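Note: the block below is run-v4.cif and it holds mmCIF, C-alpha atoms and all ligand atoms.
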data_target
#
loop_
_atom_site.label_atom_id
_atom_site.label_comp_id
_atom_site.auth_asym_id
_atom_site.auth_seq_id
_atom_site.Cartn_x
_atom_site.Cartn_y
_atom_site.Cartn_z
CA MET T 174 -27.59 -21.55 17.01
CA ASP T 175 -26.49 -24.77 15.38
CA ASP T 176 -29.00 -24.90 12.52
CA TRP T 177 -26.90 -23.73 9.60
CA ARG T 178 -29.19 -24.55 6.67
CA VAL T 179 -29.13 -21.72 4.14
CA PRO T 180 -32.33 -19.66 4.09
CA ASP T 181 -33.38 -17.89 0.87
CA ALA T 182 -30.80 -15.43 -0.35
CA ALA T 183 -31.48 -11.71 0.00
CA PRO T 184 -29.78 -9.32 -2.42
CA ALA T 185 -26.35 -8.13 -1.26
CA PRO T 186 -26.19 -4.42 -0.42
CA ALA T 187 -24.78 -2.35 -3.27
CA GLN T 188 -21.21 -1.17 -2.73
CA ALA T 189 -20.75 2.56 -3.08
CA ARG T 190 -18.08 2.85 -5.75
CA THR T 191 -17.45 6.55 -5.70
CA GLY T 192 -13.97 7.70 -4.77
CA PRO T 193 -10.88 5.71 -3.85
CA ALA T 194 -11.00 3.15 -1.06
CA LEU T 195 -7.66 4.23 0.33
CA VAL T 196 -5.34 7.20 -0.19
CA PHE T 197 -1.83 7.51 1.23
CA ASP T 198 -0.63 11.09 0.92
CA ALA T 199 2.99 11.50 2.08
CA ALA T 200 2.01 9.49 5.16
CA SER T 201 4.57 8.99 7.91
CA ILE T 202 3.90 6.72 10.87
CA ALA T 203 5.62 6.46 14.25
CA TYR T 204 5.27 4.63 17.55
CA GLY T 205 5.71 7.57 19.92
CA ASP T 206 9.07 9.13 19.04
CA VAL T 207 10.19 6.14 16.95
CA PRO T 208 9.54 6.67 13.22
CA VAL T 209 8.68 3.45 11.40
CA LEU T 210 7.55 4.52 7.95
CA GLU T 211 8.02 7.69 5.95
CA GLY T 212 6.62 9.07 2.74
CA VAL T 213 3.95 6.53 1.78
CA HIS T 214 2.10 7.62 -1.35
CA GLY T 215 -0.54 5.78 -3.32
CA VAL T 216 -4.17 5.10 -4.08
CA VAL T 217 -6.21 1.89 -3.86
CA ALA T 218 -9.42 1.91 -5.90
CA PRO T 219 -12.53 -0.15 -5.13
CA GLY T 220 -12.07 -3.64 -6.59
CA GLU T 221 -8.27 -3.34 -6.60
CA ALA T 222 -5.77 -5.33 -4.54
CA VAL T 223 -2.42 -3.94 -3.44
CA ALA T 224 0.39 -6.04 -1.95
CA LEU T 225 2.62 -4.53 0.74
CA ILE T 226 6.03 -6.09 0.19
CA GLY T 227 9.21 -5.63 2.17
CA PRO T 228 11.59 -7.50 4.48
CA ASN T 229 10.93 -8.34 8.15
CA GLY T 230 10.48 -5.18 10.19
CA ALA T 231 9.89 -3.01 7.07
CA GLY T 232 6.67 -1.58 8.49
CA LYS T 233 4.00 -3.57 6.62
CA SER T 234 1.94 -4.51 9.68
CA THR T 235 2.40 -1.00 11.03
CA LEU T 236 0.91 0.46 7.86
CA ILE T 237 -2.09 -1.86 8.17
CA LYS T 238 -2.53 -0.78 11.80
CA ALA T 239 -2.41 2.87 10.69
CA VAL T 240 -5.19 2.16 8.16
CA LEU T 241 -7.21 0.75 11.07
CA GLY T 242 -6.49 3.91 13.08
CA LEU T 243 -4.52 1.97 15.71
CA VAL T 244 -1.17 3.71 15.08
CA PRO T 245 -0.99 7.47 14.50
CA VAL T 246 -0.08 9.13 11.23
CA VAL T 247 2.40 11.80 12.36
CA SER T 248 2.60 13.71 9.08
CA GLY T 249 0.85 13.54 5.76
CA GLU T 250 -2.48 11.74 5.64
CA ILE T 251 -4.22 8.39 5.26
CA SER T 252 -7.78 8.59 4.02
CA VAL T 253 -9.96 5.46 4.27
CA LEU T 254 -13.16 5.47 2.21
CA GLY T 255 -12.99 9.25 2.23
CA GLN T 256 -12.65 9.51 6.01
CA PRO T 257 -9.98 9.53 8.70
CA PRO T 258 -9.06 5.90 9.55
CA ARG T 259 -10.90 5.59 12.87
CA GLN T 260 -14.17 6.84 11.38
CA ALA T 261 -14.12 4.29 8.56
CA ARG T 262 -13.75 1.19 10.75
CA ARG T 263 -17.31 -0.05 10.22
CA ASP T 264 -16.53 -0.70 6.56
CA VAL T 265 -13.04 -2.11 7.05
CA ALA T 266 -12.36 -5.77 7.84
CA TYR T 267 -9.05 -7.05 9.15
CA VAL T 268 -7.66 -10.58 9.06
CA PRO T 269 -4.77 -10.80 11.51
CA GLN T 270 -1.83 -13.16 11.18
CA ALA T 271 -2.81 -16.80 11.85
CA ASP T 272 -3.16 -18.00 15.47
CA ALA T 273 -4.66 -14.65 16.56
CA LEU T 274 -7.76 -16.50 17.81
CA ASP T 275 -7.22 -19.09 20.55
CA PRO T 276 -7.94 -22.51 18.99
CA GLY T 277 -9.13 -23.70 22.42
CA PHE T 278 -12.01 -21.20 22.37
CA PRO T 279 -15.15 -23.46 22.51
CA VAL T 280 -17.03 -22.20 19.44
CA THR T 281 -17.91 -23.63 16.04
CA ALA T 282 -16.53 -22.30 12.77
CA ALA T 283 -19.92 -20.74 12.02
CA GLN T 284 -20.00 -18.97 15.38
CA VAL T 285 -16.56 -17.46 14.71
CA VAL T 286 -17.79 -16.20 11.32
CA LEU T 287 -20.93 -14.80 12.91
CA MET T 288 -18.72 -12.56 15.05
CA GLY T 289 -18.11 -10.64 11.82
CA ARG T 290 -21.77 -9.57 11.92
CA TYR T 291 -21.68 -8.09 15.44
CA ARG T 292 -20.61 -4.62 14.41
CA ARG T 293 -23.48 -4.35 11.93
CA MET T 294 -26.16 -5.93 14.10
CA GLY T 295 -25.13 -4.27 17.39
CA TRP T 296 -23.63 -6.20 20.30
CA LEU T 297 -26.91 -6.59 22.19
CA ARG T 298 -29.00 -8.00 19.31
CA ARG T 299 -29.21 -11.69 18.58
CA PRO T 300 -28.11 -12.80 15.11
CA GLY T 301 -31.03 -12.99 12.70
CA ARG T 302 -31.77 -15.09 9.64
CA GLU T 303 -29.88 -12.72 7.33
CA ASP T 304 -26.82 -12.72 9.63
CA ARG T 305 -26.77 -16.54 9.55
CA ARG T 306 -27.18 -16.60 5.78
CA LEU T 307 -24.27 -14.20 5.32
CA ALA T 308 -22.11 -16.21 7.71
CA LEU T 309 -22.74 -19.45 5.84
CA GLU T 310 -22.24 -17.72 2.48
CA ALA T 311 -18.88 -16.47 3.75
CA LEU T 312 -17.86 -19.95 4.89
CA ASP T 313 -18.86 -21.23 1.46
CA ALA T 314 -16.72 -18.52 -0.18
CA VAL T 315 -13.63 -19.94 1.56
CA GLY T 316 -14.62 -23.56 0.78
CA LEU T 317 -15.65 -24.49 4.32
CA ALA T 318 -19.46 -24.56 4.25
CA SER T 319 -19.39 -28.25 5.17
CA ARG T 320 -17.40 -27.47 8.35
CA ALA T 321 -19.84 -24.90 9.76
CA SER T 322 -20.62 -26.94 12.88
CA THR T 323 -17.04 -28.12 13.47
CA ARG T 324 -15.28 -26.81 16.57
CA PHE T 325 -12.85 -24.06 15.52
CA GLY T 326 -10.03 -25.71 17.47
CA LEU T 327 -10.45 -29.01 15.60
CA LEU T 328 -9.77 -27.41 12.21
CA SER T 329 -6.28 -27.35 10.69
CA GLY T 330 -4.23 -24.15 10.89
CA GLY T 331 -5.00 -23.35 7.24
CA GLN T 332 -8.71 -23.96 7.77
CA ARG T 333 -8.71 -21.73 10.85
CA GLN T 334 -7.09 -18.98 8.78
CA ARG T 335 -9.84 -19.41 6.17
CA VAL T 336 -12.50 -19.16 8.90
CA LEU T 337 -10.96 -15.83 9.98
CA LEU T 338 -11.15 -14.69 6.35
CA ALA T 339 -14.81 -15.80 6.27
CA ARG T 340 -15.43 -13.74 9.41
CA ALA T 341 -14.04 -10.70 7.56
CA ILE T 342 -16.17 -11.45 4.47
CA ALA T 343 -19.32 -11.72 6.64
CA GLN T 344 -18.62 -8.21 7.83
CA GLN T 345 -19.40 -7.02 4.26
CA PRO T 346 -16.41 -4.67 4.18
CA ARG T 347 -15.56 -2.17 1.47
CA LEU T 348 -11.87 -2.51 2.37
CA LEU T 349 -10.21 -5.77 3.45
CA LEU T 350 -6.84 -5.80 5.22
CA LEU T 351 -4.89 -9.07 5.28
CA ASP T 352 -1.69 -9.48 7.30
CA GLU T 353 0.54 -12.27 5.93
CA PRO T 354 -2.43 -14.46 4.90
CA PHE T 355 -0.33 -17.15 3.16
CA ASN T 356 1.91 -17.95 6.13
CA GLY T 357 1.76 -21.67 6.83
CA LEU T 358 -1.10 -22.38 4.40
CA ASP T 359 -1.23 -25.61 2.40
CA ALA T 360 -1.99 -25.52 -1.34
CA VAL T 361 -5.75 -26.12 -0.84
CA SER T 362 -6.05 -23.23 1.59
CA GLN T 363 -3.92 -20.99 -0.66
CA ASP T 364 -6.23 -21.70 -3.61
CA ALA T 365 -9.33 -21.02 -1.46
CA LEU T 366 -7.81 -17.75 -0.31
CA LEU T 367 -6.95 -16.65 -3.86
CA ALA T 368 -10.48 -17.50 -5.05
CA ALA T 369 -12.03 -15.57 -2.16
CA ILE T 370 -9.87 -12.49 -2.86
CA ALA T 371 -10.81 -12.59 -6.57
CA SER T 372 -14.50 -12.82 -5.72
CA LEU T 373 -14.31 -9.90 -3.26
CA LYS T 374 -12.50 -7.76 -5.83
CA ALA T 375 -15.18 -8.56 -8.41
CA ARG T 376 -17.75 -7.21 -5.93
CA GLY T 377 -15.86 -3.91 -5.61
CA VAL T 378 -14.02 -4.62 -2.36
CA ALA T 379 -10.54 -3.08 -2.14
CA VAL T 380 -7.83 -5.31 -0.64
CA LEU T 381 -4.55 -4.41 1.06
CA VAL T 382 -2.40 -7.46 1.78
CA SER T 383 0.92 -7.60 3.56
CA THR T 384 3.02 -10.50 2.34
CA HIS T 385 6.48 -11.92 1.82
CA ASP T 386 5.08 -14.03 -0.98
CA LEU T 387 5.83 -12.48 -4.36
CA ALA T 388 3.76 -15.19 -6.05
CA LEU T 389 0.70 -13.99 -4.12
CA ALA T 390 1.34 -10.47 -5.39
CA HIS T 391 1.54 -11.76 -8.97
CA LEU T 392 -1.56 -13.93 -8.65
CA ALA T 393 -3.92 -11.74 -6.64
CA CYS T 394 -2.79 -8.12 -6.76
CA ASP T 395 -2.96 -5.26 -9.24
CA ASP T 396 -0.39 -3.01 -7.60
CA VAL T 397 2.52 -3.37 -5.21
CA CYS T 398 3.77 -1.01 -2.52
CA LEU T 399 7.42 -1.80 -1.89
CA LEU T 400 8.47 -0.72 1.60
CA ASN T 401 11.40 -0.74 3.96
CA HIS T 402 10.92 2.10 6.47
CA HIS T 403 10.11 4.30 3.51
CA GLN T 404 8.38 3.64 0.24
CA PHE T 405 10.64 2.45 -2.59
CA ALA T 406 7.95 2.07 -5.25
CA PHE T 407 4.18 1.88 -5.75
CA GLY T 408 2.69 0.70 -9.03
CA PRO T 409 1.55 -2.21 -11.21
CA VAL T 410 2.95 -5.57 -10.07
CA ASP T 411 5.03 -6.38 -13.16
CA GLU T 412 6.53 -2.89 -13.42
CA THR T 413 7.25 -2.60 -9.72
CA LEU T 414 8.64 -6.01 -8.71
CA THR T 415 11.79 -5.54 -10.74
CA PRO T 416 15.12 -6.95 -9.54
CA GLU T 417 16.43 -3.37 -9.15
CA ASN T 418 13.51 -2.26 -6.93
CA LEU T 419 13.63 -5.47 -4.90
CA ARG T 420 17.39 -5.23 -4.35
CA ALA T 421 16.99 -1.63 -3.21
CA ALA T 422 14.14 -2.41 -0.80
CA TYR T 423 15.62 -5.65 0.54
CA GLY T 424 19.10 -4.23 1.10
CA GLY T 425 21.44 -7.09 1.90
CA HIS T 426 18.90 -9.90 1.33
CA ALA T 427 19.68 -12.41 -1.42
CA LEU T 428 17.37 -12.44 -4.44
CA GLU T 429 17.06 -14.92 -7.28
CA LEU T 430 15.26 -14.72 -10.61
CA ARG T 431 13.23 -17.87 -11.49
CA GLY T 432 11.53 -17.49 -14.84
CA ASP T 433 9.59 -14.25 -14.58
CA ARG T 434 9.53 -14.42 -10.77
CA VAL T 435 11.90 -12.82 -8.31
CA ILE T 436 12.40 -15.01 -5.23
CA VAL T 437 13.83 -13.74 -1.94
CA THR T 438 16.22 -16.49 -0.88
CA GLY T 439 17.87 -15.05 2.19
N1 LIG D 1 4.16 -1.53 19.25
C1 LIG D 1 5.35 -1.17 18.77
N2 LIG D 1 6.08 -0.21 19.39
C2 LIG D 1 7.29 0.19 18.90
N3 LIG D 1 7.84 -0.32 17.77
C3 LIG D 1 7.17 -1.27 17.13
C4 LIG D 1 5.88 -1.75 17.58
N4 LIG D 1 5.45 -2.69 16.70
C5 LIG D 1 6.41 -2.81 15.76
N5 LIG D 1 7.43 -1.96 16.02
C6 LIG D 1 8.63 -1.77 15.20
O1 LIG D 1 8.24 -1.21 13.95
C7 LIG D 1 9.03 -1.74 12.89
C8 LIG D 1 8.13 -2.30 11.82
O2 LIG D 1 7.45 -3.47 12.31
P1 LIG D 1 6.29 -4.18 11.52
O3 LIG D 1 5.76 -5.28 12.38
O4 LIG D 1 5.34 -3.17 11.00
O5 LIG D 1 7.11 -4.80 10.28
P2 LIG D 1 6.64 -5.86 9.19
O6 LIG D 1 7.11 -5.33 7.87
O7 LIG D 1 5.20 -6.16 9.32
O8 LIG D 1 7.53 -7.11 9.59
P3 LIG D 1 7.24 -8.70 9.46
O9 LIG D 1 7.33 -9.01 8.01
O10 LIG D 1 8.37 -9.30 10.25
O11 LIG D 1 5.88 -8.97 10.06
C9 LIG D 1 9.95 -2.79 13.51
O12 LIG D 1 11.20 -2.17 13.71
C10 LIG D 1 9.30 -3.11 14.82
O13 LIG D 1 10.26 -3.46 15.78
#
Take the structure from the file and write it as structure tokens.
Amino acid sequence: MDDWRVPDAAPAPAQARTGPALVFDAASIAYGDVPVLEGVHGVVAPGEAVALIGPNGAGKSTLIKAVLGLVPVVSGEISVLGQPPRQARRDVAYVPQADALDPGFPVTAAQVVLMGRYRRMGWLRRPGREDRRLALEALDAVGLASRASTRFGLLSGGQRQRVLLARAIAQQPRLLLLDEPFNGLDAVSQDALLAAIASLKARGVAVLVSTHDLALAHLACDDVCLLNHHQFAFGPVDETLTPENLRAAYGGHALELRGDRVIVTG
């Protein structure tokens, strides 16, 4: 289990590129009788990244959970890789907010990443050579190949977050969901994350990322979905993150323009 030398590379499976990765069609989402989000419209194509932006409690995480099929769509529709959300799960990877995995869990970074292979290899099979190769390749993609044998709990918070991203990459998803991936990351981990997102997009993976970080949207995303219990705008980053749209979506929050960036200051 602890021999993490890279065997010869096998070709990566081709990504099917037909049809959108994700379609929101007048989707409304509720927890029981409590509506959280209404009227979400938009399309995410393979190889595209979309940022979900909105204040605390706007419904960003809830929308990600609906894409995973964990929260019901009460009207309208969400289509994931041409299927209802629950049926598409095999091809969807999810990186939860940091600290979702107990740092005291006695496993190495590589073993955490290998968990991303379980769904494809079946829970009762032992990981094979190809599973190990993909796990190490994923660790390399987030800049942590040299830490493969390090105990997960001994890594920094930012490194642990990158290991969770590597676990998602090892899953070979067609759609990647990231919930607040920049929270608490240092500059090195932020750069590694941006590089990994760019590389996934280049391979045709669609990305949906919930964030408070407008810089992340500018650097990594093609489109933005601006939310606060309903959708305020969905479109190209520069056209959508306007002061007017942000003021509308953020209500009473204070905004500041710095150069070409809009910063939420309160
Ligand atoms: N399991 C739940 N049951 C009922 N209501 C919930 C549940 N989870 C979240 N909510 C409510 O749904 C609304 C949206 O929450 P959500 O976590 O999706 O917002 P968010 O935009 O991700 O916020 P943040 O930026 O703070 O993470 C909030 O009012 C929240 O209280």
Inset, instruction - Please check which protein, DNA or RNA residues sit within 9 Å of ligand LIG 1 (chain D), counting all atoms listed in the file, and write them as a ChimeraX atom specification. - result: /T:203-205,207-210,225-238,244,270,352-353,383-385,400-402
- Message: What's the separation between atom CA of Ala343 of chain T and atom CA of Leu328 of chain T, in Å to one decimal place?
- Response: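 Distance reported for this atom pair: 19.2 Å.
We find atom CA of Leu254 of chain T and atom CA of Ala200 of chain T to be spaced 16.0 Å apart.
Counting only C-alpha atoms, the residue from T:Val361, T:Ala406, T:Ala393, T:Leu243 that sits nearest to Gly215 of chain T is T:Ala406.
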One-decimal distance in Å that lies between atom CA of Pro245 of chain T and atom CA of Val286 of chain T
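Distance between the two atoms: 29.2 Å.
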Pick from T:Pro193, T:Pro300, T:Gly316, T:Gly212 nearest to Leu399 of chain T, counting all atoms listed in the file: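 Ranked by minimum distance to Leu399 of chain T, first place goes to T:Gly212.
Shortest atom-to-atom contact with Arg263 of chain T among T:Arg320, T:Arg340, T:Arg347, T:Arg306: T:Arg347, counting only C-alpha atoms.
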Among T:Val378, T:Leu366, T:Ala421, T:Leu414, Ala390 of chain T is approached most closely, using only C-alpha atoms, by T:Leu414
Pick out the residues sitting within 12 Å of Ala283 of chain T, and hand them over as a PyMOL selection string; count only C-alpha atoms, and ignore anything fewer than 2 positions along from it in its own chain. chain T and resi 174-178+279-281+285-290+300+304-313+317-325+333+335-337+339-340+343
If you take every atom of segment 411-419 of chain T that the file lists and fit an axis-aligned box around them with 3 Å extra on each side, what centre and edge lengths come out in Å to one decimal, as AutoDock Vina command-line options?
--center_x 10.7 --center_y -4.6 --center_z -9.2 --size_x 17.4 --size_y 10.7 --size_z 14.5
Open item on the list: I need the residue nearest Gly242 of chain T from this list: T:Glu221, T:Val397, T:Ala422, T:Ile202. Use all atoms listed in the file for the distance.
Closed with: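 Checking each of T:Glu221, T:Val397, T:Ala422, T:Ile202 against Gly242 of chain T, counting all atoms listed in the file, the winner is T:Ile202.
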